[in-house]
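Trainee: Supplied structure: entry-v9.pdb, PDB, C-alpha atoms.
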MODEL        1
ATOM      1  CA  MET A   1      80.764 110.302 119.456
ATOM      2  CA  ILE A   2      82.178 108.775 116.314
ATOM      3  CA  LYS A   3      85.943 108.673 115.928
ATOM      4  CA  VAL A   4      87.419 109.141 112.463
ATOM      5  CA  ASN A   5      91.002 108.610 111.293
ATOM      6  CA  TYR A   6      92.725 110.284 108.365
ATOM      7  CA  PHE A   7      95.631 108.912 106.367
ATOM      8  CA  ALA A   8      98.033 109.971 103.631
ATOM      9  CA  ARG A   9      96.629 112.772 101.446
ATOM     10  CA  LEU A  10      93.618 113.208 103.728
ATOM     11  CA  ARG A  11      95.792 113.643 106.816
ATOM     12  CA  GLU A  12      97.624 116.432 105.035
ATOM     13  CA  LEU A  13      94.396 117.988 103.729
ATOM     14  CA  THR A  14      92.667 118.020 107.126
ATOM     15  CA  GLY A  15      95.823 118.782 109.078
ATOM     16  CA  LYS A  16      94.979 116.078 111.599
ATOM     17  CA  SER A  17      95.255 112.316 112.064
ATOM     18  CA  ASP A  18      91.932 111.887 113.816
ATOM     19  CA  GLU A  19      88.990 113.655 115.390
ATOM     20  CA  THR A  20      85.616 112.873 116.924
ATOM     21  CA  ILE A  21      82.224 113.771 115.514
ATOM     22  CA  ASP A  22      79.391 114.470 117.925
ATOM     23  CA  GLN A  23      76.798 112.181 116.326
ATOM     24  CA  GLN A  24      74.907 109.132 117.587
ATOM     25  CA  SER A  25      74.376 107.514 114.213
ATOM     26  CA  MET A  26      74.872 108.267 110.541
ATOM     27  CA  THR A  27      75.328 106.379 107.309
ATOM     28  CA  VAL A  28      78.678 106.029 105.607
ATOM     29  CA  ARG A  29      77.293 108.192 102.815
ATOM     30  CA  GLU A  30      76.388 110.919 105.322
ATOM     31  CA  LEU A  31      79.829 110.634 106.890
ATOM     32  CA  LEU A  32      81.466 111.141 103.494
ATOM     33  CA  ASP A  33      79.169 114.090 102.765
ATOM     34  CA  TRP A  34      80.120 115.603 106.128
ATOM     35  CA  ALA A  35      83.816 115.195 105.285
ATOM     36  CA  GLU A  36      83.421 116.760 101.848
ATOM     37  CA  THR A  37      81.544 119.743 103.308
ATOM     38  CA  THR A  38      83.993 120.184 106.181
ATOM     39  CA  TYR A  39      87.103 119.724 104.059
ATOM     40  CA  PRO A  40      86.623 120.974 100.482
ATOM     41  CA  GLY A  41      88.583 118.821  98.077
ATOM     42  CA  PHE A  42      88.181 115.713 100.239
ATOM     43  CA  GLY A  43      87.320 113.670  97.157
ATOM     44  CA  LYS A  44      84.584 111.482  98.609
ATOM     45  CA  GLU A  45      84.095 109.734  95.261
ATOM     46  CA  THR A  46      87.452 107.998  95.596
ATOM     47  CA  VAL A  47      87.512 107.475  99.355
ATOM     48  CA  HIS A  48      86.401 104.311 101.122
ATOM     49  CA  VAL A  49      85.335 104.147 104.729
ATOM     50  CA  ALA A  50      86.371 101.430 107.122
ATOM     51  CA  VAL A  51      84.287 100.918 110.246
ATOM     52  CA  ASN A  52      86.066  99.112 113.063
ATOM     53  CA  GLU A  53      88.783  98.026 110.589
ATOM     54  CA  GLU A  54      86.438  96.570 107.975
ATOM     55  CA  TYR A  55      85.418  98.145 104.655
ATOM     56  CA  ALA A  56      81.860  99.453 104.822
ATOM     57  CA  LEU A  57      79.235 100.121 102.182
ATOM     58  CA  LYS A  58      77.760 103.575 101.725
ATOM     59  CA  GLU A  59      74.440 102.319 103.081
ATOM     60  CA  ASP A  60      75.966 100.941 106.278
ATOM     61  CA  PHE A  61      75.393 102.761 109.546
ATOM     62  CA  VAL A  62      78.053 104.151 111.828
ATOM     63  CA  HIS A  63      77.211 104.418 115.509
ATOM     64  CA  SER A  64      78.596 106.278 118.486
ATOM     65  CA  GLY A  65      81.657 104.432 119.752
ATOM     66  CA  ASP A  66      82.646 103.122 116.323
ATOM     67  CA  ILE A  67      86.119 103.843 115.007
ATOM     68  CA  CYS A  68      86.051 104.875 111.366
ATOM     69  CA  ALA A  69      88.833 105.468 108.901
ATOM     70  CA  PHE A  70      88.777 107.308 105.605
ATOM     71  CA  ILE A  71      90.733 105.179 103.160
ATOM     72  CA  PRO A  72      92.007 107.016 100.073
ATOM     73  CA  PRO A  73      93.141 104.810  97.156
ATOM     74  CA  VAL A  74      95.702 102.362  98.498
ATOM     75  CA  SER A  75      99.141 101.944  96.921
ATOM     76  CA  GLY A  76     101.072  99.379  98.906
ATOM     77  CA  GLY A  77     103.412  96.818  97.433
TER      78      GLY A  77
ATOM     79  CA  MET B   1     108.537  88.442 113.499
ATOM     80  CA  LYS B   2     104.842  87.872 112.913
ATOM     81  CA  GLN B   3     103.445  85.892 109.986
ATOM     82  CA  PHE B   4     101.686  89.017 108.683
ATOM     83  CA  GLU B   5     103.165  92.304 109.748
ATOM     84  CA  ILE B   6     103.752  95.973 109.124
ATOM     85  CA  ILE B   7     107.235  96.933 110.271
ATOM     86  CA  GLU B   8     109.269 100.115 110.460
ATOM     87  CA  THR B   9     112.699  98.517 110.236
ATOM     88  CA  PRO B  10     114.515  97.038 107.207
ATOM     89  CA  ILE B  11     112.966  93.808 105.943
ATOM     90  CA  GLU B  12     115.072  90.661 106.243
ATOM     91  CA  PRO B  13     113.641  88.254 103.626
ATOM     92  CA  GLN B  14     115.369  85.211 105.084
ATOM     93  CA  LYS B  15     113.196  85.341 108.207
ATOM     94  CA  TYR B  16     110.049  84.960 106.114
ATOM     95  CA  THR B  17     111.571  82.246 103.939
ATOM     96  CA  ASP B  18     112.514  80.295 107.046
ATOM     97  CA  TYR B  19     109.030  80.771 108.439
ATOM     98  CA  VAL B  20     107.286  79.114 105.465
ATOM     99  CA  LEU B  21     109.845  76.359 104.940
ATOM    100  CA  HIS B  22     108.903  72.910 106.246
ATOM    101  CA  ALA B  23     109.519  69.279 105.394
ATOM    102  CA  GLY B  24     106.537  69.096 103.026
ATOM    103  CA  ALA B  25     107.568  72.122 100.988
ATOM    104  CA  GLY B  26     109.018  71.354  97.573
ATOM    105  CA  ALA B  27     109.050  74.961  96.412
ATOM    106  CA  VAL B  28     109.449  78.379  97.989
ATOM    107  CA  THR B  29     108.894  81.631  96.097
ATOM    108  CA  VAL B  30     110.061  84.866  97.680
ATOM    109  CA  PHE B  31     108.956  88.146  96.145
ATOM    110  CA  THR B  32     110.563  91.379  97.277
ATOM    111  CA  GLY B  33     109.254  94.721  96.084
ATOM    112  CA  HIS B  34     111.892  97.456  95.922
ATOM    113  CA  VAL B  35     111.989 101.220  95.734
ATOM    114  CA  ARG B  36     112.573 102.172  92.089
ATOM    115  CA  GLU B  37     114.440 105.291  91.086
ATOM    116  CA  TRP B  38     112.717 106.118  87.796
ATOM    117  CA  THR B  39     108.982 106.028  87.132
ATOM    118  CA  ARG B  40     107.718 107.237  83.768
ATOM    119  CA  GLY B  41     110.685 109.540  83.341
ATOM    120  CA  VAL B  42     110.479 111.068  86.813
ATOM    121  CA  ARG B  43     113.309 110.474  89.265
ATOM    122  CA  THR B  44     112.278 109.513  92.789
ATOM    123  CA  LEU B  45     114.544 110.609  95.632
ATOM    124  CA  TYR B  46     112.838 108.454  98.240
ATOM    125  CA  LEU B  47     109.457 107.071  99.228
ATOM    126  CA  ALA B  48     107.378 107.491 102.342
ATOM    127  CA  TYR B  49     104.891 104.754 103.177
ATOM    128  CA  GLU B  50     102.227 104.897 105.817
ATOM    129  CA  ALA B  51      99.598 102.388 106.900
ATOM    130  CA  TYR B  52      96.532 101.965 109.022
ATOM    131  CA  VAL B  53      98.538  99.369 110.878
ATOM    132  CA  PRO B  54      95.974  97.197 112.704
ATOM    133  CA  MET B  55      93.684  97.019 109.676
ATOM    134  CA  ALA B  56      96.593  96.440 107.294
ATOM    135  CA  GLU B  57      97.855  93.474 109.329
ATOM    136  CA  LYS B  58      94.331  92.084 109.471
ATOM    137  CA  LYS B  59      93.951  92.408 105.694
ATOM    138  CA  LEU B  60      97.329  90.732 105.099
ATOM    139  CA  ALA B  61      96.169  87.816 107.251
ATOM    140  CA  GLU B  62      92.924  87.635 105.263
ATOM    141  CA  ILE B  63      94.919  87.475 102.035
ATOM    142  CA  GLY B  64      96.918  84.619 103.556
ATOM    143  CA  ALA B  65      93.675  82.792 104.377
ATOM    144  CA  GLU B  66      92.414  83.348 100.815
ATOM    145  CA  MET B  67      95.625  81.835  99.466
ATOM    146  CA  GLU B  68      95.329  78.747 101.667
ATOM    147  CA  MET B  69      91.776  78.261 100.398
ATOM    148  CA  LYS B  70      92.734  78.642  96.739
ATOM    149  CA  TRP B  71      95.974  76.660  96.881
ATOM    150  CA  PRO B  72      95.698  74.003  99.565
ATOM    151  CA  GLY B  73      99.026  73.242 101.172
ATOM    152  CA  VAL B  74     100.609  76.664 100.714
ATOM    153  CA  LYS B  75     102.142  78.431 103.680
ATOM    154  CA  VAL B  76     102.647  82.183 103.494
ATOM    155  CA  ALA B  77     104.298  85.039 105.368
ATOM    156  CA  ILE B  78     104.058  88.696 104.348
ATOM    157  CA  ALA B  79     105.697  91.852 105.671
ATOM    158  CA  HIS B  80     105.329  95.428 104.478
ATOM    159  CA  ARG B  81     107.604  98.174 105.655
ATOM    160  CA  ILE B  82     106.468 101.743 106.365
ATOM    161  CA  GLY B  83     108.331 104.981 106.887
ATOM    162  CA  GLU B  84     111.029 106.474 104.666
ATOM    163  CA  MET B  85     112.690 104.178 102.151
ATOM    164  CA  HIS B  86     115.451 104.844  99.697
ATOM    165  CA  ILE B  87     116.325 103.480  96.274
ATOM    166  CA  SER B  88     116.548  99.664  96.258
ATOM    167  CA  ASP B  89     115.199  99.256  99.793
ATOM    168  CA  ILE B  90     112.697  96.434 100.233
ATOM    169  CA  ALA B  91     109.149  97.690 100.763
ATOM    170  CA  VAL B  92     107.412  94.331 100.822
ATOM    171  CA  VAL B  93     108.281  90.639 101.095
ATOM    172  CA  ILE B  94     105.969  87.742 100.270
ATOM    173  CA  ALA B  95     107.235  84.238 101.018
ATOM    174  CA  VAL B  96     105.162  81.274  99.874
ATOM    175  CA  SER B  97     105.923  77.582 100.184
ATOM    176  CA  SER B  98     103.977  74.749  98.627
ATOM    177  CA  PRO B  99     104.477  71.067  97.862
ATOM    178  CA  HIS B 100     104.887  71.883  94.153
ATOM    179  CA  ARG B 101     106.280  74.802  92.140
ATOM    180  CA  LYS B 102     103.230  76.077  90.258
ATOM    181  CA  ALA B 103     101.133  76.902  93.310
ATOM    182  CA  ALA B 104     104.010  78.748  94.950
ATOM    183  CA  TYR B 105     104.384  81.046  91.925
ATOM    184  CA  GLU B 106     100.671  81.598  91.406
ATOM    185  CA  ALA B 107      99.840  82.204  95.044
ATOM    186  CA  ASN B 108     102.711  84.652  95.391
ATOM    187  CA  GLU B 109     101.492  86.778  92.477
ATOM    188  CA  TYR B 110      97.948  86.650  93.831
ATOM    189  CA  ALA B 111      99.201  88.084  97.119
ATOM    190  CA  ILE B 112     100.798  91.191  95.612
ATOM    191  CA  GLU B 113      97.737  91.887  93.469
ATOM    192  CA  ARG B 114      95.468  91.661  96.504
ATOM    193  CA  ILE B 115      97.786  93.854  98.566
ATOM    194  CA  LYS B 116      97.420  96.555  95.940
ATOM    195  CA  GLU B 117      93.630  96.255  96.078
ATOM    196  CA  VAL B 118      92.680  96.020  99.732
ATOM    197  CA  VAL B 119      95.508  96.668 102.186
ATOM    198  CA  PRO B 120      95.427 100.205 103.646
ATOM    199  CA  ILE B 121      98.996 101.240 102.875
ATOM    200  CA  TRP B 122      99.877 104.454 101.053
ATOM    201  CA  LYS B 123     102.969 105.497  99.177
ATOM    202  CA  LYS B 124     104.221 109.011  98.663
ATOM    203  CA  GLU B 125     106.846 109.656  96.018
ATOM    204  CA  ILE B 126     109.264 112.449  96.792
ATOM    205  CA  TRP B 127     110.943 113.890  93.710
ATOM    206  CA  GLU B 128     113.559 116.557  93.252
ATOM    207  CA  ASP B 129     110.858 119.113  92.521
ATOM    208  CA  GLY B 130     107.794 117.922  94.365
ATOM    209  CA  GLU B 131     105.907 115.053  95.897
ATOM    210  CA  GLU B 132     102.667 113.157  95.457
ATOM    211  CA  TRP B 133     100.610 110.478  97.135
ATOM    212  CA  ILE B 134     100.223 107.623  94.696
ATOM    213  CA  GLY B 135      96.890 105.946  94.166
ATOM    214  CA  GLY B 136      94.570 104.974  91.382
ATOM    215  CA  GLN B 137      91.939 107.592  90.830
ATOM    216  CA  LYS B 138      89.197 104.989  90.927
ATOM    217  CA  LYS B 139      85.654 105.967  91.682
ATOM    218  CA  TYR B 140      84.059 104.431  94.740
ATOM    219  CA  PRO B 141      82.756 101.036  93.552
ATOM    220  CA  GLU B 142      79.191 100.215  94.529
ATOM    221  CA  LYS B 143      80.251  97.374  96.769
ATOM    222  CA  GLY B 144      83.534  98.712  98.105
ATOM    223  CA  PRO B 145      86.818  96.904  97.565
ATOM    224  CA  GLU B 146      86.106  93.369  96.483
ATOM    225  CA  MET B 147      85.839  91.164  99.532
ATOM    226  CA  LYS B 148      86.509  87.558  98.650
TER     227      LYS B 148
ENDMDL
END
Turn the structure described in the file into structure tokens.

Mentor:
Amino acid sequence: MIKVNYFARLRELTGKSDETIDQQSMTVRELLDWAETTYPGFGKETVHVAVNEEYALKEDFVHSGDICAFIPPVSGG
Amino acid sequence: MKQFEIIETPIEPQKYTDYVLHAGAGAVTVFTGHVREWTRGVRTLYLAYEAYVPMAEKKLAEIGAEMEMKWPGVKVAIAHRIGEMHISDIAVVIAVSSPHRKAAYEANEYAIERIKEVVPIWKKEIWEDGEEWIGGQKKYPEKGPEMK
């Protein structure tokens, strides 16, 4: 199981703050593709993924037990 | 207070100034970012900030470490507030001390630029006739946000 968190626009789009995906392993790219398919309008081209609180590359792997977060463009400050 | 923190209560800048002040400090710069009423002709009623808190605090600490590498001798404390904020409220405070003036100014500006690049905090503007999450519509860079 892979846990994913949603924030800001994506939390409103998905209607949830988090959920779990029943997968053992997938790449960040596959995770973004899954999100785009599941939630049309997700905007995977502008969304980063953090794995266990660190920015990941699209080629990186996500494994069962990891905590992921979809990070839309940040705007702090 | 913590040296790098996300808080839900009003920011008290003096706490962060006091934190970075020490006998070797000849200069302290304190930047406070405030909620602005007008942006490009649109009037904001209030802002709502949210954060991925544990990661945001970790990234703030990393920015602090970057600053200490680039400007030896600086001491820094940063706080960002989340939740609803109204006009003129403080959203962020960055306090930097250093032995000399120039580093304190430069390091402080570096901190706010890095916050806007890598810290997972989001701002929603609420207007009289609508609302919108603010964020650059940047395409996903090949290597992710620049990790220094």

Trainee: Fewer than 6 positions away in the same chain doesn't count, so skip those; otherwise give me all residues within 12 Å of A:Arg11, counting only C-alpha atoms, as a VMD selection string.

Mentor: (chain A and resid 4 to 5 17 to 19 39 42 69 to 72) or (chain B and resid 50 to 52 122 133)

Trainee: Do you have, as a Markdown table, the list of residues of chain A lying at most 9 Å from chain B, each with its nearest atom pair and that distance in Å to one decimal, counting all atoms listed in the file and ordered by chain then number?

Mentor:
| residue | atom | partner | partner_atom | distance |
| --- | --- | --- | --- | --- |
| A:Asn5 | CA | B:Tyr52 | CA | 8.9 |
| A:Phe7 | CA | B:Tyr52 | CA | 7.5 |
| A:Ala8 | CA | B:Trp122 | CA | 6.4 |
| A:Arg9 | CA | B:Trp133 | CA | 6.3 |
| A:Lys44 | CA | B:Tyr140 | CA | 8.1 |
| A:Glu45 | CA | B:Tyr140 | CA | 5.3 |
| A:Thr46 | CA | B:Lys139 | CA | 4.8 |
| A:Val47 | CA | B:Tyr140 | CA | 6.5 |
| A:His48 | CA | B:Tyr140 | CA | 6.8 |
| A:Val49 | CA | B:Gly144 | CA | 8.8 |
| A:Ala50 | CA | B:Met55 | CA | 8.9 |
| A:Asn52 | CA | B:Met55 | CA | 8.6 |
| A:Glu53 | CA | B:Met55 | CA | 5.1 |
| A:Glu54 | CA | B:Met55 | CA | 7.5 |
| A:Tyr55 | CA | B:Gly144 | CA | 6.8 |
| A:Ala56 | CA | B:Gly144 | CA | 7.0 |
| A:Leu57 | CA | B:Gly144 | CA | 6.1 |
| A:Lys58 | CA | B:Glu142 | CA | 8.1 |
| A:Ala69 | CA | B:Tyr52 | CA | 8.5 |
| A:Ile71 | CA | B:Pro120 | CA | 6.9 |
| A:Pro72 | CA | B:Gly135 | CA | 7.7 |
| A:Pro73 | CA | B:Gly135 | CA | 4.9 |
| A:Val74 | CA | B:Trp122 | CA | 5.3 |
| A:Ser75 | CA | B:Trp122 | CA | 4.9 |
| A:Gly76 | CA | B:Ile121 | CA | 4.9 |
| A:Gly77 | CA | B:Val92 | CA | 5.8 |

Trainee: From the options A:Pro40, A:Asp60, A:Ile67, A:Val51, which residue's atoms come nearest to A:Ile21, counting only C-alpha atoms?

Mentor: A:Ile67

Trainee: Pick out the closest residue to A:Gln23 from this set: A:Tyr6, A:Val62, A:Ala35, A:Met1. Count only C-alpha atoms.

Mentor: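 Answer, going by the shortest atom-to-atom distance: A:Met1.
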
Trainee: What is the distance, in Å and to one decimal place, between atom CA of A:Thr27 and atom CA of A:Ile2?

Mentor: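 Separation between atom CA of A:Thr27 and atom CA of A:Ile2: 11.6 Å.
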
Trainee: Can you turn the PyMOL selection byres ((chain B and resi 107) around 10) into a concrete residue list for this file, as a list in words?

Mentor: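 Given this file, the PyMOL selection byres ((chain B and resi 107) around 10) evaluates to Thr29, Gly64, Glu66, Met67, Glu68, Lys70, Trp71, Val74, Lys75, Val76, Ile94, Ala95, Val96, Ser97, Ser98, Lys102, Ala103, Ala104, Tyr105, Glu106, Asn108, Glu109, Tyr110, Ala111 and Ile112 of chain B.
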
Trainee: Applying the PyMOL selection byres ((chain B and resi 14) around 12) to the file I just gave you, which residues come out? Please list them as a ChimeraX atom specification.

Mentor: /B:1,11-13,15-21,28-32,77-79,93-95

Trainee: What is the atom CA of B:His86-atom CA of B:Tyr46 distance in Å, reported with one decimal?

Mentor: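 Spanning atom CA of B:His86 to atom CA of B:Tyr46 is a straight-line distance of 4.7 Å.
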
Trainee: Let me know the residues the PyMOL selection byres ((chain B and resi 8) around 8) catches in the file above, as a list in words.

Mentor: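 Applying the PyMOL selection byres ((chain B and resi 8) around 8) to the structure shown produces Ile6, Ile7, Thr9, Pro10, Arg81, Ile82 and Gly83 of chain B.
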
Trainee: Atom CA of B:Glu125 to atom CA of B:Gly41: how many Å, to one decimal?

Mentor: 13.2 Å
